[in-house]
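Structure file upload-v9.txt (compact mmCIF, C-alpha atoms and all ligand atoms) follows.
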# COMPACT_ATOMS: atom_id res chain seq x y z
CA MET A 1 0.00 0.00 0.00
CA THR A 2 1.42 3.41 -0.96
CA LEU A 3 1.45 6.29 1.54
CA LEU A 4 -1.31 8.07 -0.42
CA GLU A 5 -3.50 4.95 -0.39
CA TRP A 6 -2.88 4.52 3.34
CA MET A 7 -3.85 8.16 3.98
CA LEU A 8 -7.05 7.83 1.96
CA VAL A 9 -8.07 4.64 3.75
CA THR A 10 -7.32 6.11 7.21
CA THR A 11 -9.12 9.35 6.38
CA TYR A 12 -12.03 7.33 5.05
CA LEU A 13 -12.45 5.47 8.34
CA TRP A 14 -12.33 8.69 10.40
CA VAL A 15 -14.79 10.42 8.07
CA LYS A 16 -17.08 7.36 8.24
CA ALA A 17 -16.90 7.35 12.07
CA ALA A 18 -17.74 11.07 12.16
CA HIS A 19 -20.56 10.46 9.65
CA LEU A 20 -22.11 7.86 11.94
CA ILE A 21 -21.69 9.99 15.09
CA PHE A 22 -23.64 12.84 13.46
CA VAL A 23 -26.20 10.40 11.98
CA ILE A 24 -26.94 9.32 15.57
CA PHE A 25 -27.28 12.96 16.76
CA TRP A 26 -29.51 13.84 13.80
CA ILE A 27 -31.84 10.88 14.18
CA ALA A 28 -31.98 11.29 17.99
CA GLY A 29 -33.09 14.90 17.43
CA LEU A 30 -35.66 13.81 14.83
CA PHE A 31 -37.04 11.30 17.34
CA MET A 32 -37.40 14.01 20.01
CA LEU A 33 -38.88 16.93 18.07
CA PRO A 34 -42.38 15.58 17.21
CA ARG A 35 -42.53 14.12 20.75
CA PHE A 36 -42.05 17.68 22.08
CA TYR A 37 -44.89 18.79 19.78
CA ILE A 38 -47.19 16.07 21.16
CA TYR A 39 -46.58 17.53 24.66
CA GLN A 40 -46.95 21.12 23.44
CA GLN A 41 -50.15 20.48 21.42
CA PRO A 42 -52.64 20.57 24.37
CA THR A 43 -51.09 23.68 26.03
CA ALA A 44 -52.89 27.01 25.60
CA PRO A 45 -51.03 29.26 23.11
CA GLY A 46 -49.06 31.91 25.02
CA SER A 47 -49.24 30.05 28.37
CA PRO A 48 -45.99 29.60 30.36
CA GLU A 49 -45.97 25.89 29.49
CA ASP A 50 -46.41 26.65 25.77
CA ARG A 51 -43.52 29.12 25.95
CA GLN A 52 -41.31 26.49 27.65
CA TRP A 53 -41.95 23.97 24.85
CA ILE A 54 -41.28 26.65 22.21
CA GLU A 55 -37.93 27.35 23.88
CA ARG A 56 -37.05 23.62 24.19
CA SER A 57 -37.84 22.88 20.52
CA ALA A 58 -35.94 25.96 19.33
CA ARG A 59 -32.88 24.84 21.30
CA LEU A 60 -33.13 21.26 20.03
CA ARG A 61 -33.31 22.60 16.47
CA SER A 62 -30.43 25.05 16.71
CA ILE A 63 -28.03 23.06 18.94
CA ILE A 64 -28.55 19.51 17.66
CA LEU A 65 -30.85 19.02 14.68
CA THR A 66 -29.69 21.52 12.09
CA PRO A 67 -25.91 21.28 12.77
CA ALA A 68 -26.12 17.46 12.82
CA MET A 69 -28.04 17.34 9.53
CA ILE A 70 -25.48 19.60 7.84
CA ALA A 71 -22.60 17.49 9.23
CA VAL A 72 -24.22 14.22 8.03
CA TRP A 73 -24.61 15.64 4.52
CA VAL A 74 -21.09 17.11 4.34
CA LEU A 75 -19.45 13.92 5.70
CA GLY A 76 -21.65 11.59 3.61
CA LEU A 77 -20.83 13.50 0.42
CA SER A 78 -17.13 13.43 1.43
CA LEU A 79 -17.34 9.61 1.69
CA ILE A 80 -18.69 9.51 -1.87
CA TRP A 81 -15.88 11.84 -2.98
CA ILE A 82 -13.12 9.77 -1.28
CA ASN A 83 -14.51 6.61 -2.93
CA GLN A 84 -14.35 8.31 -6.33
CA LEU A 85 -10.76 9.46 -5.60
CA ASN A 86 -9.90 5.84 -4.76
CA GLY A 87 -11.27 4.73 -8.13
CA ILE A 88 -14.34 3.04 -6.56
CA PRO A 89 -17.42 4.01 -8.62
CA ILE A 90 -19.75 4.08 -5.58
CA LEU A 91 -22.16 6.42 -7.38
CA LYS A 92 -23.11 3.50 -9.66
CA GLU A 93 -24.38 1.39 -6.72
CA GLY A 94 -28.15 0.78 -6.55
CA TRP A 95 -28.23 0.72 -2.72
CA LEU A 96 -26.63 4.19 -2.64
CA HIS A 97 -29.27 5.58 -5.04
CA ALA A 98 -32.03 4.16 -2.83
CA LYS A 99 -30.31 5.49 0.30
CA LEU A 100 -29.93 8.97 -1.17
CA LEU A 101 -33.63 8.98 -2.09
CA ILE A 102 -34.59 8.14 1.49
CA VAL A 103 -32.13 10.66 2.90
CA PHE A 104 -33.68 13.37 0.69
CA ALA A 105 -37.10 12.38 2.05
CA LEU A 106 -35.71 12.49 5.61
CA THR A 107 -34.32 15.97 4.95
CA GLY A 108 -37.81 16.97 3.74
CA TYR A 109 -39.28 15.50 6.93
CA HIS A 110 -36.76 17.55 8.94
CA GLY A 111 -37.97 20.69 7.10
CA TRP A 112 -41.62 19.80 7.77
CA ALA A 113 -40.92 19.24 11.48
CA VAL A 114 -39.06 22.55 11.83
CA ALA A 115 -41.83 24.45 9.98
CA TYR A 116 -44.52 22.77 12.12
CA GLY A 117 -42.76 23.90 15.32
CA LYS A 118 -42.59 27.48 14.04
CA ARG A 119 -46.33 27.41 13.31
CA MET A 120 -47.01 26.07 16.81
CA ALA A 121 -44.92 28.91 18.23
CA ARG A 122 -47.31 31.34 16.47
CA GLY A 123 -50.26 29.72 18.27
CA TYR A 124 -51.46 27.30 15.56
CA ARG A 125 -52.11 23.58 16.12
CA PRO A 126 -52.63 22.43 12.49
CA ALA A 127 -52.11 18.65 12.90
CA ARG A 128 -54.08 16.23 15.04
CA ASP A 129 -52.40 14.32 17.85
CA ARG A 130 -52.70 11.09 15.87
CA THR A 131 -51.01 12.64 12.82
CA LEU A 132 -48.08 13.76 14.99
CA ARG A 133 -47.78 10.28 16.49
CA LEU A 134 -47.76 8.75 13.00
CA MET A 135 -45.18 11.30 11.78
CA ASN A 136 -43.07 10.34 14.78
CA GLU A 137 -42.58 6.89 13.22
CA VAL A 138 -40.94 8.27 10.04
CA PRO A 139 -37.31 8.61 11.31
CA GLY A 140 -37.38 5.10 12.81
CA ILE A 141 -38.60 3.49 9.60
CA ALA A 142 -36.16 5.53 7.49
CA THR A 143 -33.24 4.53 9.78
CA ALA A 144 -34.14 0.82 9.56
CA VAL A 145 -34.33 0.90 5.74
CA ILE A 146 -31.11 2.95 5.36
CA VAL A 147 -29.11 0.69 7.70
CA ILE A 148 -30.26 -2.43 5.77
CA LEU A 149 -29.35 -0.71 2.47
CA VAL A 150 -25.82 0.28 3.57
CA ILE A 151 -24.96 -2.89 5.49
CA VAL A 152 -26.70 -5.68 3.50
CA LYS A 153 -26.38 -3.80 0.16
CA PRO A 154 -29.23 -5.91 -1.31
CA PHE A 155 -28.80 -4.40 -4.80
C1 LIG B 1 -27.08 12.85 4.10
C2 LIG B 1 -26.65 12.15 3.12
C3 LIG B 1 -25.83 10.91 3.25
C4 LIG B 1 -24.85 10.55 2.37
C5 LIG B 1 -24.41 11.31 1.12
C6 LIG B 1 -24.28 9.31 2.85
C7 LIG B 1 -23.26 8.60 2.24
C8 LIG B 1 -22.60 7.52 2.80
C9 LIG B 1 -21.50 6.82 2.18
C10 LIG B 1 -20.91 7.13 0.82
C11 LIG B 1 -21.11 5.82 3.03
C12 LIG B 1 -19.97 4.81 2.83
C13 LIG B 1 -20.53 3.50 2.39
C14 LIG B 1 -19.48 2.43 2.35
O1 LIG B 1 -18.32 2.70 2.67
O2 LIG B 1 -19.85 1.29 2.03
C15 LIG B 1 -21.97 5.89 4.19
C16 LIG B 1 -21.90 5.04 5.29
C17 LIG B 1 -22.91 4.87 6.18
N1 LIG B 1 -24.04 5.67 6.30
FE1 LIG B 1 -24.46 7.33 5.21
N2 LIG B 1 -24.93 8.94 4.02
C18 LIG B 1 -25.90 9.88 4.30
C19 LIG B 1 -26.79 9.82 5.36
C20 LIG B 1 -26.95 8.74 6.21
C21 LIG B 1 -28.06 8.53 7.12
C22 LIG B 1 -29.22 9.50 7.33
C23 LIG B 1 -27.86 7.33 7.76
C24 LIG B 1 -28.67 6.59 8.79
C25 LIG B 1 -29.90 6.91 9.16
C26 LIG B 1 -26.63 6.78 7.26
C27 LIG B 1 -26.08 5.59 7.68
C28 LIG B 1 -24.85 5.11 7.27
C29 LIG B 1 -24.20 3.91 7.81
C30 LIG B 1 -24.77 2.99 8.92
C31 LIG B 1 -22.97 3.77 7.14
C32 LIG B 1 -21.89 2.70 7.38
C33 LIG B 1 -21.92 1.64 6.32
C34 LIG B 1 -20.73 0.70 6.34
O3 LIG B 1 -19.76 0.87 7.09
O4 LIG B 1 -20.73 -0.26 5.56
N3 LIG B 1 -26.10 7.67 6.32
N4 LIG B 1 -22.87 6.93 4.02
What is this file in structure tokens?
Ligand code: HEM
Amino acid sequence: MTLLEWMLVTTYLWVKAAHLIFVIFWIAGLFMLPRFYIYQQPTAPGSPEDRQWIERSARLRSIILTPAMIAVWVLGLSLIWINQLNGIPILKEGWLHAKLLIVFALTGYHGWAVAYGKRMARGYRPARDRTLRLMNEVPGIATAVIVILVIVKPF
């Protein structure tokens, strides 16, 4: 193995570790946010309890969710780039196409959840409790499918 190859492989493993660390932060945040909304939903808009939930969700978004999502994207795209540098045509893999599709959907879900919280902060309660509970299942299902795609690589 040449020094350059060794450096690329070592970098790859560190970037992959960092990718997974931020994946865990991102998904943990996505699990928590709609749960916060379920607790906030029955509070009277403007009440002290409502204001506390607004503050908690805003902090979760700015400290964990958004930075983690950006880090997952940057590190994930770097993994693709290092593979290409190594001469591995990873962009031709079917499992990666499927994964990217789901990750785009998850990013859309993230946007929906953030927008929903901002509407709640303005006193609206547009979704029913049941809808929020159903939405809460999305990150779990997405994580299960993505992990199977990247580990089993079924196609
Ligand atoms: C945001 C866009 C993302 C991109 C561009 C991306 C890209 C990648 C790439 C290229 C790899 C290396 C695959 C390999 O070496 O075989 C990887 C590894 C991995 N990714 Fe992502 N990823 C993203 C998001 C996610 C998300 C959201 C999850 C989980 C919910 C995830 C879970 C994993 C896992 C578990 C691995 C390790 C696979 C292994 O070691 O074989 N990724 N990712």
Calculate, to one decimal in Å, the centre and edge lengths of the box along x, y and z of the file that holds all listed atoms of ligand LIG 1 (chain B) with 5 Å of margin on each side, and present them as JSON.
{"center_x": -24.1, "center_y": 6.3, "center_z": 5.0, "size_x": 21.6, "size_y": 23.1, "size_z": 18.3}
### Message
Please return as a ChimeraX atom specification the residues found within 8 Å of ligand LIG 1 (chain B), counting only C-alpha atoms and all ligand atoms.
### Response
/A:16,19-20,23-24,26-27,69-70,72-81,83,90,96,99-100,103-104,106-107,139,142-144,146-147,150-151
What's the 12 Å shell around Ile82 (chain A), counting only C-alpha atoms, without same-chain residues fewer than 3 positions away, as a PDB file with C-alpha atoms, keeping the file's coordinate frame?
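result.pdb was written with the following content:
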ATOM      1  CA  LEU A   4      -1.310   8.070  -0.420  1.00  0.00           C
ATOM      2  CA  GLU A   5      -3.500   4.950  -0.390  1.00  0.00           C
ATOM      3  CA  MET A   7      -3.850   8.160   3.980  1.00  0.00           C
ATOM      4  CA  LEU A   8      -7.050   7.830   1.960  1.00  0.00           C
ATOM      5  CA  VAL A   9      -8.070   4.640   3.750  1.00  0.00           C
ATOM      6  CA  THR A  10      -7.320   6.110   7.210  1.00  0.00           C
ATOM      7  CA  THR A  11      -9.120   9.350   6.380  1.00  0.00           C
ATOM      8  CA  TYR A  12     -12.030   7.330   5.050  1.00  0.00           C
ATOM      9  CA  LEU A  13     -12.450   5.470   8.340  1.00  0.00           C
ATOM     10  CA  TRP A  14     -12.330   8.690  10.400  1.00  0.00           C
ATOM     11  CA  VAL A  15     -14.790  10.420   8.070  1.00  0.00           C
ATOM     12  CA  LYS A  16     -17.080   7.360   8.240  1.00  0.00           C
ATOM     13  CA  LEU A  75     -19.450  13.920   5.700  1.00  0.00           C
ATOM     14  CA  GLY A  76     -21.650  11.590   3.610  1.00  0.00           C
ATOM     15  CA  LEU A  77     -20.830  13.500   0.420  1.00  0.00           C
ATOM     16  CA  SER A  78     -17.130  13.430   1.430  1.00  0.00           C
ATOM     17  CA  LEU A  79     -17.340   9.610   1.690  1.00  0.00           C
ATOM     18  CA  LEU A  85     -10.760   9.460  -5.600  1.00  0.00           C
ATOM     19  CA  ASN A  86      -9.900   5.840  -4.760  1.00  0.00           C
ATOM     20  CA  GLY A  87     -11.270   4.730  -8.130  1.00  0.00           C
ATOM     21  CA  ILE A  88     -14.340   3.040  -6.560  1.00  0.00           C
ATOM     22  CA  PRO A  89     -17.420   4.010  -8.620  1.00  0.00           C
ATOM     23  CA  ILE A  90     -19.750   4.080  -5.580  1.00  0.00           C
ATOM     24  CA  LEU A  91     -22.160   6.420  -7.380  1.00  0.00           C
TER      25      LEU A  91
END
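Atom pair CA of Trp6 (chain A) / CA of Gly94 (chain A): separated by 27.4 Å.
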### Message
What's around region 30-45 of chain A at 9 Å? Count only C-alpha atoms, leave out sequence neighbours fewer than 2 positions away in its own chain, and write the answer as a PyMOL selection string.
### Response
chain A and resi 25-28+47-54+56-57+60-61+65+109-110+113-114+116-117+120-125+127-129+132-133+135-140
### Message
Between CA of Gly29 (chain A) and CA of Lys153 (chain A), what is the distance in Å, rounded to a tenth?
### Response
26.3 Å
### Task
Enter the distance from CA of Lys118 (chain A) to CA of Ala58 (chain A), in Å, rounded to one decimal.
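Atom-to-atom, CA of Lys118 (chain A) to CA of Ala58 (chain A), that is 8.6 Å.
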### Task
Name the closest residue to Ala105 (chain A) among the candidates A:Ile63, A:Ile141, A:Gln84, A:Thr131; distances are taken between atoms, counting only C-alpha atoms.
A:Ile141
### Task
Name all residues at most 9 Å from Phe155 (chain A) (count all atoms listed in the file; drop same-chain ones fewer than 5 positions away) and give them as a PyMOL selection string.
chain A and resi 93-95+149
Keeping C-alpha atoms for every residue in the selection just given, could you write it to a file as a short mmCIF file (atom, residue, chain, number, x, y, z; two decimals), in the frame of the given file?
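Below is the file that was written, part24.cif:
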data_model
loop_
_atom_site.label_atom_id
_atom_site.label_comp_id
_atom_site.auth_asym_id
_atom_site.auth_seq_id
_atom_site.Cartn_x
_atom_site.Cartn_y
_atom_site.Cartn_z
CA GLU A 93 -24.38 1.39 -6.72
CA GLY A 94 -28.15 0.78 -6.55
CA TRP A 95 -28.23 0.72 -2.72
CA LEU A 149 -29.35 -0.71 2.47
#
